[in-house]
$ cat structure_33.pdb   # PDB, C-alpha atoms
ATOM      1  CA  MET A   1       0.000   0.000   0.000  1.00  0.00           C
ATOM      2  CA  SER A   2       1.424   3.384  -0.957  1.00  0.00           C
ATOM      3  CA  GLU A   3       1.878   6.261   1.492  1.00  0.00           C
ATOM      4  CA  GLN A   4      -0.915   8.136  -0.297  1.00  0.00           C
ATOM      5  CA  ASP A   5      -3.291   5.147   0.059  1.00  0.00           C
ATOM      6  CA  ARG A   6      -2.511   4.912   3.796  1.00  0.00           C
ATOM      7  CA  ARG A   7      -3.281   8.625   4.256  1.00  0.00           C
ATOM      8  CA  GLN A   8      -6.810   8.170   2.882  1.00  0.00           C
ATOM      9  CA  TYR A   9      -7.889   6.490   6.114  1.00  0.00           C
ATOM     10  CA  PHE A  10      -9.097   8.440   9.142  1.00  0.00           C
ATOM     11  CA  ARG A  11      -6.587   8.106  11.963  1.00  0.00           C
ATOM     12  CA  ILE A  12      -7.234   8.383  15.678  1.00  0.00           C
ATOM     13  CA  ASP A  13      -5.248   8.113  18.857  1.00  0.00           C
ATOM     14  CA  GLN A  14      -6.891   5.338  20.847  1.00  0.00           C
ATOM     15  CA  ARG A  15      -6.157   3.550  24.119  1.00  0.00           C
ATOM     16  CA  VAL A  16      -6.053  -0.187  23.495  1.00  0.00           C
ATOM     17  CA  SER A  17      -4.520  -3.386  24.762  1.00  0.00           C
ATOM     18  CA  LEU A  18      -2.102  -4.675  22.152  1.00  0.00           C
ATOM     19  CA  GLU A  19      -0.411  -8.059  22.010  1.00  0.00           C
ATOM     20  CA  LEU A  20       1.925  -8.993  19.170  1.00  0.00           C
ATOM     21  CA  LYS A  21       3.581 -12.127  17.868  1.00  0.00           C
ATOM     22  CA  VAL A  22       6.037 -12.323  14.982  1.00  0.00           C
ATOM     23  CA  ILE A  23       4.897 -15.022  12.574  1.00  0.00           C
ATOM     24  CA  SER A  24       5.863 -16.383   9.180  1.00  0.00           C
ATOM     25  CA  GLU A  25       4.051 -15.658   5.940  1.00  0.00           C
ATOM     26  CA  ALA A  26       3.349 -19.399   5.709  1.00  0.00           C
ATOM     27  CA  GLU A  27       1.290 -19.224   8.927  1.00  0.00           C
ATOM     28  CA  ILE A  28      -0.929 -16.584   7.308  1.00  0.00           C
ATOM     29  CA  ASP A  29      -1.416 -18.785   4.248  1.00  0.00           C
ATOM     30  CA  ILE A  30      -2.331 -21.795   6.412  1.00  0.00           C
ATOM     31  CA  HIS A  31      -4.651 -19.893   8.803  1.00  0.00           C
ATOM     32  CA  PRO A  32      -6.688 -17.118   7.146  1.00  0.00           C
ATOM     33  CA  ASN A  33      -7.658 -15.890  10.641  1.00  0.00           C
ATOM     34  CA  PRO A  34      -5.058 -15.457  13.401  1.00  0.00           C
ATOM     35  CA  THR A  35      -4.783 -18.450  15.738  1.00  0.00           C
ATOM     36  CA  GLN A  36      -1.631 -17.457  17.638  1.00  0.00           C
ATOM     37  CA  PHE A  37      -3.442 -16.306  20.785  1.00  0.00           C
ATOM     38  CA  ASP A  38      -5.436 -18.306  23.307  1.00  0.00           C
ATOM     39  CA  VAL A  39      -8.824 -16.608  23.511  1.00  0.00           C
ATOM     40  CA  SER A  40     -12.085 -17.608  25.139  1.00  0.00           C
ATOM     41  CA  PRO A  41     -15.121 -18.325  22.965  1.00  0.00           C
ATOM     42  CA  ASN A  42     -16.568 -14.994  24.110  1.00  0.00           C
ATOM     43  CA  PHE A  43     -13.510 -12.980  23.048  1.00  0.00           C
ATOM     44  CA  LEU A  44     -14.932 -12.175  19.636  1.00  0.00           C
ATOM     45  CA  LEU A  45     -18.581 -12.241  20.720  1.00  0.00           C
ATOM     46  CA  LEU A  46     -19.206  -8.493  20.508  1.00  0.00           C
ATOM     47  CA  SER A  47     -17.295  -8.258  17.242  1.00  0.00           C
ATOM     48  CA  GLU A  48     -19.432 -11.004  15.746  1.00  0.00           C
ATOM     49  CA  LEU A  49     -22.597  -9.290  17.015  1.00  0.00           C
ATOM     50  CA  GLN A  50     -21.484  -6.001  15.464  1.00  0.00           C
ATOM     51  CA  GLU A  51     -20.852  -7.811  12.200  1.00  0.00           C
ATOM     52  CA  MET A  52     -24.388  -9.241  12.333  1.00  0.00           C
ATOM     53  CA  ASP A  53     -25.687  -5.772  13.178  1.00  0.00           C
ATOM     54  CA  ALA A  54     -24.023  -4.318  10.096  1.00  0.00           C
ATOM     55  CA  GLU A  55     -25.462  -7.100   7.944  1.00  0.00           C
ATOM     56  CA  SER A  56     -28.987  -6.570   9.274  1.00  0.00           C
ATOM     57  CA  SER A  57     -29.081  -2.759   9.428  1.00  0.00           C
ATOM     58  CA  HIS A  58     -30.458  -2.389   5.894  1.00  0.00           C
ATOM     59  CA  LEU A  59     -33.221  -4.887   6.740  1.00  0.00           C
ATOM     60  CA  LEU A  60     -34.138  -2.867   9.807  1.00  0.00           C
ATOM     61  CA  ARG A  61     -34.421   0.284   7.665  1.00  0.00           C
ATOM     62  CA  LYS A  62     -36.780  -1.534   5.285  1.00  0.00           C
ATOM     63  CA  ILE A  63     -38.891  -2.750   8.205  1.00  0.00           C
ATOM     64  CA  ALA A  64     -39.009   0.814   9.578  1.00  0.00           C
ATOM     65  CA  GLU A  65     -40.410   2.020   6.236  1.00  0.00           C
ATOM     66  CA  LYS A  66     -43.322  -0.409   6.590  1.00  0.00           C
ATOM     67  CA  ASP A  67     -43.908  -0.510  10.344  1.00  0.00           C
ATOM     68  CA  ASN A  68     -42.135   1.847  12.703  1.00  0.00           C
ATOM     69  CA  ASN A  69     -43.411   0.025  15.813  1.00  0.00           C
ATOM     70  CA  ILE A  70     -41.824  -3.276  14.795  1.00  0.00           C
ATOM     71  CA  ALA A  71     -38.575  -1.488  13.920  1.00  0.00           C
ATOM     72  CA  SER A  72     -38.544   0.257  17.318  1.00  0.00           C
ATOM     73  CA  PHE A  73     -39.160  -3.039  19.084  1.00  0.00           C
ATOM     74  CA  LEU A  74     -36.310  -4.726  17.158  1.00  0.00           C
ATOM     75  CA  LYS A  75     -33.962  -1.862  18.051  1.00  0.00           C
ATOM     76  CA  VAL A  76     -34.793  -2.281  21.757  1.00  0.00           C
ATOM     77  CA  MET A  77     -34.214  -6.047  21.515  1.00  0.00           C
ATOM     78  CA  HIS A  78     -30.888  -5.411  19.771  1.00  0.00           C
ATOM     79  CA  LYS A  79     -29.760  -3.040  22.552  1.00  0.00           C
ATOM     80  CA  LYS A  80     -30.796  -5.599  25.140  1.00  0.00           C
ATOM     81  CA  MET A  81     -28.781  -8.376  23.453  1.00  0.00           C
ATOM     82  CA  GLU A  82     -25.809  -6.055  23.049  1.00  0.00           C
ATOM     83  CA  ARG A  83     -25.839  -5.179  26.775  1.00  0.00           C
ATOM     84  CA  VAL A  84     -26.011  -8.849  27.774  1.00  0.00           C
ATOM     85  CA  ALA A  85     -23.181  -9.715  25.375  1.00  0.00           C
ATOM     86  CA  GLN A  86     -21.112  -6.795  26.671  1.00  0.00           C
ATOM     87  CA  ALA A  87     -21.613  -7.957  30.265  1.00  0.00           C
ATOM     88  CA  ILE A  88     -20.558 -11.503  29.343  1.00  0.00           C
ATOM     89  CA  ALA A  89     -17.570 -10.300  27.339  1.00  0.00           C
ATOM     90  CA  SER A  90     -16.398  -7.828  29.986  1.00  0.00           C
ATOM     91  CA  SER A  91     -16.550 -10.477  32.730  1.00  0.00           C
ATOM     92  CA  GLU A  92     -14.299 -12.770  30.684  1.00  0.00           C
ATOM     93  CA  MET A  93     -12.221 -10.136  28.895  1.00  0.00           C
ATOM     94  CA  THR A  94      -8.754 -10.168  30.341  1.00  0.00           C
ATOM     95  CA  ILE A  95      -6.044  -7.865  29.145  1.00  0.00           C
ATOM     96  CA  GLY A  96      -3.424 -10.488  29.980  1.00  0.00           C
ATOM     97  CA  ASN A  97       0.231  -9.569  29.597  1.00  0.00           C
ATOM     98  CA  ALA A  98      -0.438  -6.564  27.385  1.00  0.00           C
ATOM     99  CA  ALA A  99      -0.550  -3.133  28.955  1.00  0.00           C
ATOM    100  CA  ILE A 100      -3.063  -0.586  27.798  1.00  0.00           C
ATOM    101  CA  GLN A 101      -1.318   1.971  25.638  1.00  0.00           C
ATOM    102  CA  GLU A 102      -2.188   4.754  23.257  1.00  0.00           C
ATOM    103  CA  VAL A 103      -1.797   3.848  19.600  1.00  0.00           C
ATOM    104  CA  ASN A 104      -2.471   5.667  16.359  1.00  0.00           C
ATOM    105  CA  LEU A 105      -5.068   3.599  14.553  1.00  0.00           C
ATOM    106  CA  SER A 106      -6.809   3.536  11.190  1.00  0.00           C
ATOM    107  CA  GLU A 107      -8.587   0.970   9.050  1.00  0.00           C
ATOM    108  CA  GLY A 108      -5.299   0.449   7.241  1.00  0.00           C
ATOM    109  CA  GLY A 109      -2.913  -0.068  10.133  1.00  0.00           C
ATOM    110  CA  VAL A 110      -1.576   0.839  13.546  1.00  0.00           C
ATOM    111  CA  GLN A 111       1.369   2.802  14.897  1.00  0.00           C
ATOM    112  CA  PHE A 112       2.588   2.059  18.419  1.00  0.00           C
ATOM    113  CA  ARG A 113       5.599   2.110  20.704  1.00  0.00           C
ATOM    114  CA  HIS A 114       7.283  -1.165  21.582  1.00  0.00           C
ATOM    115  CA  ASN A 115      10.320  -1.995  23.684  1.00  0.00           C
ATOM    116  CA  GLU A 116      11.842  -4.142  20.915  1.00  0.00           C
ATOM    117  CA  ALA A 117      12.540  -3.455  17.252  1.00  0.00           C
ATOM    118  CA  PHE A 118      10.728  -5.362  14.542  1.00  0.00           C
ATOM    119  CA  GLU A 119      12.397  -6.191  11.264  1.00  0.00           C
ATOM    120  CA  GLU A 120      10.861  -4.189   8.447  1.00  0.00           C
ATOM    121  CA  GLY A 121       8.691  -6.483   6.332  1.00  0.00           C
ATOM    122  CA  CYS A 122       8.140  -9.060   9.085  1.00  0.00           C
ATOM    123  CA  PHE A 123       4.642 -10.407   9.629  1.00  0.00           C
ATOM    124  CA  LEU A 124       2.724  -9.935  12.873  1.00  0.00           C
ATOM    125  CA  SER A 125      -0.314 -11.461  14.475  1.00  0.00           C
ATOM    126  CA  ILE A 126      -2.059  -8.779  16.543  1.00  0.00           C
ATOM    127  CA  LYS A 127      -4.552  -9.122  19.366  1.00  0.00           C
ATOM    128  CA  LEU A 128      -6.286  -5.789  19.780  1.00  0.00           C
ATOM    129  CA  ILE A 129      -8.729  -5.056  22.608  1.00  0.00           C
ATOM    130  CA  PHE A 130     -10.747  -1.867  22.986  1.00  0.00           C
ATOM    131  CA  PRO A 131     -11.263  -1.690  26.782  1.00  0.00           C
ATOM    132  CA  GLU A 132     -14.117   0.843  26.588  1.00  0.00           C
ATOM    133  CA  SER A 133     -16.299  -1.357  24.404  1.00  0.00           C
ATOM    134  CA  CYS A 134     -14.839  -4.767  25.337  1.00  0.00           C
ATOM    135  CA  LEU A 135     -14.344  -5.487  21.633  1.00  0.00           C
ATOM    136  CA  GLY A 136     -11.515  -7.784  20.635  1.00  0.00           C
ATOM    137  CA  LEU A 137      -9.987  -8.302  17.202  1.00  0.00           C
ATOM    138  CA  LEU A 138      -7.354 -10.661  15.873  1.00  0.00           C
ATOM    139  CA  ILE A 139      -5.613  -9.199  12.825  1.00  0.00           C
ATOM    140  CA  TYR A 140      -2.575  -9.911  10.652  1.00  0.00           C
ATOM    141  CA  ALA A 141      -0.190  -7.084   9.821  1.00  0.00           C
ATOM    142  CA  GLN A 142       3.158  -6.416   8.216  1.00  0.00           C
ATOM    143  CA  CYS A 143       5.749  -4.129   9.796  1.00  0.00           C
ATOM    144  CA  ILE A 144       6.491  -1.151   7.567  1.00  0.00           C
ATOM    145  CA  ARG A 145       8.814   0.704   9.965  1.00  0.00           C
ATOM    146  CA  SER A 146      10.419   0.399  13.376  1.00  0.00           C
ATOM    147  CA  GLU A 147      12.387   3.497  14.417  1.00  0.00           C
ATOM    148  CA  ARG A 148      14.389   3.830  17.627  1.00  0.00           C
ATOM    149  CA  MET A 149      13.197   6.752  19.748  1.00  0.00           C
ATOM    150  CA  GLY A 150      15.127   8.848  22.266  1.00  0.00           C
ATOM    151  CA  ASP A 151      13.660   6.956  25.224  1.00  0.00           C
ATOM    152  CA  GLY A 152      14.900   3.597  23.896  1.00  0.00           C
ATOM    153  CA  SER A 153      11.512   2.418  22.645  1.00  0.00           C
ATOM    154  CA  TYR A 154      10.719   1.784  18.996  1.00  0.00           C
ATOM    155  CA  LEU A 155       8.008   3.613  17.098  1.00  0.00           C
ATOM    156  CA  THR A 156       6.532   0.869  14.957  1.00  0.00           C
ATOM    157  CA  GLY A 157       4.130   1.124  12.063  1.00  0.00           C
ATOM    158  CA  ALA A 158       2.247  -1.943  10.860  1.00  0.00           C
ATOM    159  CA  GLU A 159      -0.091  -2.257   7.905  1.00  0.00           C
ATOM    160  CA  PHE A 160      -3.068  -4.599   8.266  1.00  0.00           C
ATOM    161  CA  ILE A 161      -3.086  -7.385   5.688  1.00  0.00           C
ATOM    162  CA  LYS A 162      -5.684  -9.935   4.613  1.00  0.00           C
ATOM    163  CA  MET A 163      -8.141  -8.323   6.996  1.00  0.00           C
ATOM    164  CA  PRO A 164     -11.696  -9.638   6.676  1.00  0.00           C
ATOM    165  CA  GLU A 165     -14.289  -7.035   5.737  1.00  0.00           C
ATOM    166  CA  SER A 166     -16.022  -7.638   9.058  1.00  0.00           C
ATOM    167  CA  CYS A 167     -12.871  -6.543  10.956  1.00  0.00           C
ATOM    168  CA  ARG A 168     -12.511  -3.477   8.732  1.00  0.00           C
ATOM    169  CA  MET A 169     -16.122  -2.516   9.452  1.00  0.00           C
ATOM    170  CA  ILE A 170     -15.622  -2.936  13.206  1.00  0.00           C
ATOM    171  CA  LEU A 171     -12.465  -0.811  13.100  1.00  0.00           C
ATOM    172  CA  ALA A 172     -14.287   1.843  11.069  1.00  0.00           C
ATOM    173  CA  ARG A 173     -17.088   1.897  13.645  1.00  0.00           C
ATOM    174  CA  GLN A 174     -14.622   2.165  16.549  1.00  0.00           C
ATOM    175  CA  ILE A 175     -12.833   5.042  14.803  1.00  0.00           C
ATOM    176  CA  PHE A 176     -16.123   6.808  14.054  1.00  0.00           C
ATOM    177  CA  GLU A 177     -17.340   6.417  17.651  1.00  0.00           C
ATOM    178  CA  SER A 178     -13.993   7.622  19.025  1.00  0.00           C
ATOM    179  CA  GLN A 179     -14.115  10.692  16.785  1.00  0.00           C
ATOM    180  CA  ALA A 180     -17.688  11.391  17.932  1.00  0.00           C
ATOM    181  CA  ARG A 181     -16.615  11.152  21.599  1.00  0.00           C
ATOM    182  CA  GLN A 182     -13.686  13.514  20.946  1.00  0.00           C
ATOM    183  CA  ARG A 183     -15.941  16.064  19.189  1.00  0.00           C
ATOM    184  CA  LYS A 184     -18.477  15.872  22.034  1.00  0.00           C
ATOM    185  CA  LYS A 185     -15.738  16.389  24.613  1.00  0.00           C
ATOM    186  CA  GLN A 186     -14.340  19.368  22.670  1.00  0.00           C
ATOM    187  CA  ALA A 187     -17.818  20.880  22.376  1.00  0.00           C
ATOM    188  CA  GLU A 188     -18.395  20.454  26.134  1.00  0.00           C
ATOM    189  CA  GLN A 189     -15.020  22.081  26.902  1.00  0.00           C
ATOM    190  CA  ALA A 190     -15.799  24.959  24.563  1.00  0.00           C
ATOM    191  CA  THR A 191     -19.193  25.446  26.272  1.00  0.00           C
ATOM    192  CA  GLU A 192     -17.544  25.455  29.713  1.00  0.00           C
ATOM    193  CA  GLU A 193     -15.017  28.097  28.576  1.00  0.00           C
ATOM    194  CA  ASP A 194     -17.775  30.414  27.280  1.00  0.00           C
TER     195      ASP A 194
END
$ encode --input "structure_33.pdb" --output "structure tokens"
Amino acid sequence: MSEQDRRQYFRIDQRVSLELKVISEAEIDIHPNPTQFDVSPNFLLLSELQEMDAESSHLLRKIAEKDNNIASFLKVMHKKMERVAQAIASSEMTIGNAAIQEVNLSEGGVQFRHNEAFEEGCFLSIKLIFPESCLGLLIYAQCIRSERMGDGSYLTGAEFIKMPESCRMILARQIFESQARQRKKQAEQATEED
């Protein structure tokens, strides 16, 4: 992906839990979805529900055109299921060995600090958890840079590869919601200053 292509994505600074494993390209070919992390069956529950939500949203709009009461009822049921799933996921969601850190994130990749250098071009399996929403994603990436910083850490940039459309949609939603929270916070601060 060219630098210009990468710049087309919206980027946000986001606090996440990030775990990484260097893998071979052959592992990616064998396993289309990352399998390098031990995760509970509920780890991807909210992600799968969001994927189903995206798939059914156009149906809900069509139902709303015909009967607004049924559409309203289905929206309430969806919120109810989402809350139950979030409670289940949050009770089992463990951050594990990964510390929560701020990363720069887009649909195309992630930039983060790490205490070790990665070889440019190496392949990574990434476990990404959004603590606020209890969403977890497993994604493959390729290191595009790893620069030593003054504090001894390495600023690493990784481009997501072979990412399923469902993961891309979840990332896009997380980015959109994060931007909305930032705008709301800025608006509230501006109101307080007036």
$ resolve_selection --input "structure_33.pdb" --expression "the PyMOL selection byres ((chain A and resi 11) around 9)" --output "PDB file with C-alpha atoms, keeping the file's coordinate frame"
ATOM      1  CA  ARG A   7      -3.281   8.625   4.256  1.00  0.00           C
ATOM      2  CA  TYR A   9      -7.889   6.490   6.114  1.00  0.00           C
ATOM      3  CA  PHE A  10      -9.097   8.440   9.142  1.00  0.00           C
ATOM      4  CA  ILE A  12      -7.234   8.383  15.678  1.00  0.00           C
ATOM      5  CA  ASP A  13      -5.248   8.113  18.857  1.00  0.00           C
ATOM      6  CA  ASN A 104      -2.471   5.667  16.359  1.00  0.00           C
ATOM      7  CA  LEU A 105      -5.068   3.599  14.553  1.00  0.00           C
ATOM      8  CA  SER A 106      -6.809   3.536  11.190  1.00  0.00           C
ATOM      9  CA  GLU A 107      -8.587   0.970   9.050  1.00  0.00           C
ATOM     10  CA  VAL A 110      -1.576   0.839  13.546  1.00  0.00           C
ATOM     11  CA  ILE A 175     -12.833   5.042  14.803  1.00  0.00           C
TER      12      ILE A 175
END
$ closest_residue --input "structure_33.pdb" --among "A:Phe73, A:Phe176, A:Phe112, A:Phe37" --to "Ile126 of chain A" --atoms "only C-alpha atoms"
A:Phe37
$ closest_residue --input "structure_33.pdb" --among "A:Gly136, A:Pro131, A:Pro34, A:Gly108" --to "Gln14 of chain A" --atoms "all atoms listed in the file"
A:Pro131
$ atom_distance --input "structure_33.pdb" --atom1 "atom CA of Phe118 of chain A" --atom2 "atom CA of Leu155 of chain A"
9.7 Å
$ residues_around --input "structure_33.pdb" --residues "segment 26-31 of chain A" --least-positions-apart "5" --cutoff "9 Å" --atoms "only C-alpha atoms" --output "compact mmCIF listing (two decimals) with C-alpha atoms, in the frame of the given file"
# COMPACT_ATOMS: atom_id res chain seq x y z
CA PHE A 123 4.64 -10.41 9.63
CA SER A 125 -0.31 -11.46 14.48
CA TYR A 140 -2.58 -9.91 10.65
CA LYS A 162 -5.68 -9.94 4.61
$ residues_around --input "structure_33.pdb" --residues "segment 51-56 of chain A" --least-positions-apart "3" --cutoff "8 Å" --atoms "all atoms listed in the file" --output "list of chain:residue names"
A:Ser47, A:Glu48, A:Leu59, A:Leu60, A:Ser166, A:Met169, A:Ile170
$ closest_residue --input "structure_33.pdb" --among "A:Val84, A:Leu138, A:Ile129, A:Ala117" --to "Arg168 of chain A" --atoms "all atoms listed in the file"
A:Leu138
$ residues_around --input "structure_33.pdb" --residues "Ala71 of chain A" --least-positions-apart "6" --cutoff "8 Å" --atoms "all atoms listed in the file" --output "PyMOL selection string"
chain A and resi 60-61+63-64
$ atom_distance --input "structure_33.pdb" --atom1 "atom CA of Glu19 of chain A" --atom2 "atom CA of Glu147 of chain A"
18.8 Å
$ closest_residue --input "structure_33.pdb" --among "A:Ser133, A:Asn115, A:Asn69, A:Gln142" --to "Ser24 of chain A" --atoms "all atoms listed in the file"
A:Gln142
$ atom_distance --input "structure_33.pdb" --atom1 "atom CA of His78 of chain A" --atom2 "atom CA of Cys134 of chain A"
17.0 Å
$ build_atoms --input "structure_33.pdb" --residues "segment 102-121 of chain A" --atoms "N, CA and C atoms" --output "JSON list (two decimals), in the coordinates of the input"
[["chain", "number", "residue", "atom", "x", "y", "z"],
["A", 102, "GLU", "N", -1.59, 3.95, 24.30],
["A", 102, "GLU", "CA", -2.19, 4.75, 23.26],
["A", 102, "GLU", "C", -1.50, 4.42, 21.94],
["A", 103, "VAL", "N", -2.30, 4.15, 20.93],
["A", 103, "VAL", "CA", -1.80, 3.85, 19.60],
["A", 103, "VAL", "C", -2.45, 4.81, 18.61],
["A", 104, "ASN", "N", -1.86, 4.92, 17.44],
["A", 104, "ASN", "CA", -2.47, 5.67, 16.36],
["A", 104, "ASN", "C", -3.05, 4.63, 15.42],
["A", 105, "LEU", "N", -4.36, 4.69, 15.21],
["A", 105, "LEU", "CA", -5.07, 3.60, 14.55],
["A", 105, "LEU", "C", -5.88, 4.09, 13.37],
["A", 106, "SER", "N", -5.92, 3.28, 12.33],
["A", 106, "SER", "CA", -6.81, 3.54, 11.19],
["A", 106, "SER", "C", -7.29, 2.19, 10.68],
["A", 107, "GLU", "N", -8.14, 2.22, 9.66],
["A", 107, "GLU", "CA", -8.59, 0.97, 9.05],
["A", 107, "GLU", "C", -7.45, 0.27, 8.32],
["A", 108, "GLY", "N", -6.40, 1.01, 8.01],
["A", 108, "GLY", "CA", -5.30, 0.45, 7.24],
["A", 108, "GLY", "C", -4.14, -0.06, 8.08],
["A", 109, "GLY", "N", -4.05, 0.38, 9.34],
["A", 109, "GLY", "CA", -2.91, -0.07, 10.13],
["A", 109, "GLY", "C", -2.86, 0.59, 11.50],
["A", 110, "VAL", "N", -1.75, 0.35, 12.19],
["A", 110, "VAL", "CA", -1.58, 0.84, 13.55],
["A", 110, "VAL", "C", -0.13, 1.28, 13.74],
["A", 111, "GLN", "N", 0.04, 2.34, 14.51],
["A", 111, "GLN", "CA", 1.37, 2.80, 14.90],
["A", 111, "GLN", "C", 1.42, 2.78, 16.42],
["A", 112, "PHE", "N", 2.49, 2.23, 16.97],
["A", 112, "PHE", "CA", 2.59, 2.06, 18.42],
["A", 112, "PHE", "C", 4.05, 2.06, 18.84],
["A", 113, "ARG", "N", 4.25, 2.22, 20.13],
["A", 113, "ARG", "CA", 5.60, 2.11, 20.70],
["A", 113, "ARG", "C", 5.77, 0.71, 21.26],
["A", 114, "HIS", "N", 6.98, 0.17, 21.08],
["A", 114, "HIS", "CA", 7.28, -1.16, 21.58],
["A", 114, "HIS", "C", 8.70, -1.15, 22.12],
["A", 115, "ASN", "N", 8.98, -2.01, 23.09],
["A", 115, "ASN", "CA", 10.32, -2.00, 23.68],
["A", 115, "ASN", "C", 11.35, -2.75, 22.85],
["A", 116, "GLU", "N", 10.92, -3.44, 21.80],
["A", 116, "GLU", "CA", 11.84, -4.14, 20.92],
["A", 116, "GLU", "C", 11.60, -3.71, 19.48],
["A", 117, "ALA", "N", 12.66, -3.78, 18.67],
["A", 117, "ALA", "CA", 12.54, -3.46, 17.25],
["A", 117, "ALA", "C", 11.96, -4.64, 16.49],
["A", 118, "PHE", "N", 11.20, -4.33, 15.45],
["A", 118, "PHE", "CA", 10.73, -5.36, 14.54],
["A", 118, "PHE", "C", 11.45, -5.17, 13.22],
["A", 119, "GLU", "N", 11.74, -6.27, 12.57],
["A", 119, "GLU", "CA", 12.40, -6.19, 11.26],
["A", 119, "GLU", "C", 11.37, -5.70, 10.24],
["A", 120, "GLU", "N", 11.78, -4.71, 9.46],
["A", 120, "GLU", "CA", 10.86, -4.19, 8.45],
["A", 120, "GLU", "C", 10.48, -5.30, 7.48],
["A", 121, "GLY", "N", 9.18, -5.45, 7.23],
["A", 121, "GLY", "CA", 8.69, -6.48, 6.33],
["A", 121, "GLY", "C", 8.25, -7.75, 7.05]]
